[in-house]
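Asks: Just dropping this structure here.
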Amino acid sequence: MPTKPAGTLYRGREGMWSWVGHRITGVVIFFFLLVHVLDTSLVRVSPEAYTAVIGAYKNPLMALGETGLVAAIVFHAFNGLRVIAIDFWKKGAKYQRQMLWTVLVLWLVVFGAFAIRHLSLALGGH
Amino acid sequence: MSTDIQTPRSGKIGSGKIAPQYRRGTGSKGNFEMFAWLFMRLSGVVLVVLIFGHLFVNLMVGEGIHGIDFGFVAGKWADPFWQFWDLAMLWLAMLHGTNGVRTIINDYAEKDATRLWLKVVLYAATVVIVVLGTLVIFTFNPCPVVNGVQLPGGFCPAP
């Protein structure tokens with residue numbers, strides 16, 4: 001059975017799965033972006049139209065969706081910086097695995113803080 | 001007696017040139033793919049700042065999502081700083097996202113016709129969204145008036 005060549009970055013394990021995660025989060029963010037430009041464009045229709053559609057973002061189910069979206073954005077952002085480090089930093093490829101764990105720790109901290117604040121605002125009643 | 005061993009895929013020994021059939025980037029596309037690759041990295045760094053700032057200012061401070069309504073948008077776009085911020089975010093995010101999806105289409109759509117049509121749809125959506133978003137940022141009226149009557153909910157200066 002052939003063994004995995006040493007030093008591959010995108011085949012198997014952390015390198016590959018972070019690449020998969022980067023693609024999936026990227027597509028999710030892109031489709032939200034299309035919708036988000038359209039909903040914001042309603043400010044050009046009338047104040048009431050905008051306020052009505054923004055009201056939809058304020059219900060609890062949407063709050064969970066927004067939290068999931070921000071989870072995707074924060075991962076894509078930090079992992080994107082890791083990809084840049086892999087490509088431009090001389091030792092980037094060597095330390096890609098350690099950098100992924102750094103990304104995940106940063107993700108947990110930043111996303112955790114966002115989730116606590118956003119969900120307590122959105123679900124906390126007003 | 002020594003023998004020169006040619007480097008694989010090279011042209012004449014010592015010429016320092018790569019044989020034409022193995023040369024990269026001489027096709028009709030020029031350096032487009034290299035610039036697209038570079039653009040993803042440059043725009044990515046800027047987008048981290050723009051989007052984290054956007055999320056923080058809109059959702060984390062004050063009453064967060066409950067503070068967002070027509071007046072909130074009007075207040076932000078009264079300031080050219082936020083107009084420029086949102087414009088930069090719109091263009092960079094759309095181009096970054098479009099190029100990302102273009103890459104995914106190229107990777108997974110195997111038939112030429114499928115690839116072509118998926119990309120036609122993608123580029124059409126991109127143009128519509130970028131043009132629409134740009135127009136909205138620059139033609140926004142915080143105090144809309146229709147037939148001489150102010151629309152309810154507007155953000156009008158005190159008379």
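Just remember, in the structure tokens the first chain shown is A, the second B, etc., residues are 1-based per chain, and ligands are 1-based in the order shown.
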Can you tell me which residues surround B:Asp69 at a distance of at most 8 Å, considering only C-alpha atoms, apart from same-chain residues fewer than 2 positions away, and format the answer as a PyMOL selection string?

Replies: (chain A and resi 50-51+54) or (chain B and resi 66-67+71-73)

Asks: Residues of chain B within 8 Å of chain A, using only C-alpha atoms, as JSON, numbers by chain?

Replies: {"B": [41, 44, 45, 48, 59, 60, 63, 64, 65, 66, 68, 69, 70, 94, 97, 98, 100, 101, 129, 132, 133, 136, 139, 140, 141, 144, 151, 152, 153, 154]}

Asks: Export C-alpha atoms of the chosen residues as a short mmCIF file (atom, residue, chain, number, x, y, z; two decimals), in the first residue's frame?

Replies:
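And here is the file that came out, result29.cif:
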data_model
loop_
_atom_site.label_atom_id
_atom_site.label_comp_id
_atom_site.auth_asym_id
_atom_site.auth_seq_id
_atom_site.Cartn_x
_atom_site.Cartn_y
_atom_site.Cartn_z
CA ARG B 41 -4.49 37.28 -0.55
CA GLY B 44 -8.39 38.87 2.12
CA VAL B 45 -6.21 40.83 4.54
CA VAL B 48 -10.60 40.78 7.67
CA LEU B 59 -23.71 44.01 16.30
CA MET B 60 -21.46 44.28 19.35
CA GLU B 63 -27.95 47.51 21.72
CA GLY B 64 -26.45 45.38 18.95
CA ILE B 65 -28.92 44.03 16.41
CA HIS B 66 -31.84 45.82 18.09
CA ILE B 68 -30.35 48.41 13.46
CA ASP B 69 -33.11 50.14 11.53
CA PHE B 70 -33.43 52.72 8.75
CA MET B 94 -17.85 40.53 -4.15
CA GLY B 97 -16.21 35.76 -3.42
CA THR B 98 -16.74 35.67 -7.17
CA GLY B 100 -13.54 31.91 -5.07
CA VAL B 101 -16.71 30.51 -6.63
CA ILE B 129 -25.05 43.02 -6.94
CA LEU B 132 -26.91 47.78 -7.20
CA GLY B 133 -24.92 48.08 -3.96
CA VAL B 136 -27.59 52.35 -3.14
CA THR B 139 -27.92 57.62 -4.12
CA PHE B 140 -29.16 56.94 -0.60
CA ASN B 141 -31.62 59.53 0.69
CA PRO B 144 -37.25 60.13 1.21
CA LEU B 151 -42.25 58.60 3.77
CA PRO B 152 -42.79 57.39 7.34
CA GLY B 153 -39.70 56.25 9.21
CA GLY B 154 -37.35 58.62 7.38
#

Asks: Between atom CA of B:Trp85 and atom CA of B:Leu42, what distance in Å does the model show, to one decimal?

Replies: 16.4 Å

Asks: What's the separation between atom CA of B:Asn99 and atom CA of B:Val46, in Å to one decimal place?

Replies: 15.9 Å

Asks: Just list the residues in stretch 4-157 of chain B DSSP gives strand (DSSP E) on the backbone, as number ranges by chain.

Replies: B: 145-146, 149-150

Asks: Which residue is closest to B:Ile105? Choose from B:Leu122, B:Val149, B:Ala19, B:Leu47 and count only C-alpha atoms.

Replies: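 Result for the nearest residue to B:Ile105: B:Leu122.
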
Asks: So that I can see what lies close to B:Tyr123, please list as a PDB file with N, CA and C atoms, in the first residue's frame the residues with an atom at most 9 Å from it, counting only C-alpha atoms and leaving out residues fewer than 4 positions away in the same chain.

Replies:
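Below is the file part23.pdb, written as the result:
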ATOM      1  N   THR B  98     -16.533  36.108  -5.798  1.00  0.00           N
ATOM      2  CA  THR B  98     -16.738  35.666  -7.175  1.00  0.00           C
ATOM      3  C   THR B  98     -15.542  34.853  -7.664  1.00  0.00           C
ATOM      4  N   ARG B 102     -15.630  31.037  -8.768  1.00  0.00           N
ATOM      5  CA  ARG B 102     -15.086  30.706 -10.095  1.00  0.00           C
ATOM      6  C   ARG B 102     -14.103  29.533  -9.992  1.00  0.00           C
ATOM      7  N   LEU B 118     -22.345  28.096 -15.760  1.00  0.00           N
ATOM      8  CA  LEU B 118     -22.262  28.441 -14.336  1.00  0.00           C
ATOM      9  C   LEU B 118     -21.530  29.765 -14.156  1.00  0.00           C
ATOM     10  N   LYS B 119     -20.488  29.968 -14.949  1.00  0.00           N
ATOM     11  CA  LYS B 119     -19.727  31.209 -14.803  1.00  0.00           C
ATOM     12  C   LYS B 119     -20.488  32.409 -15.366  1.00  0.00           C
ATOM     13  N   VAL B 127     -22.220  41.286 -11.252  1.00  0.00           N
ATOM     14  CA  VAL B 127     -22.396  42.629 -11.817  1.00  0.00           C
ATOM     15  C   VAL B 127     -23.644  43.285 -11.225  1.00  0.00           C
ATOM     16  N   VAL B 128     -24.737  42.529 -11.170  1.00  0.00           N
ATOM     17  CA  VAL B 128     -25.984  43.095 -10.631  1.00  0.00           C
ATOM     18  C   VAL B 128     -25.788  43.551  -9.189  1.00  0.00           C
TER      19      VAL B 128
END
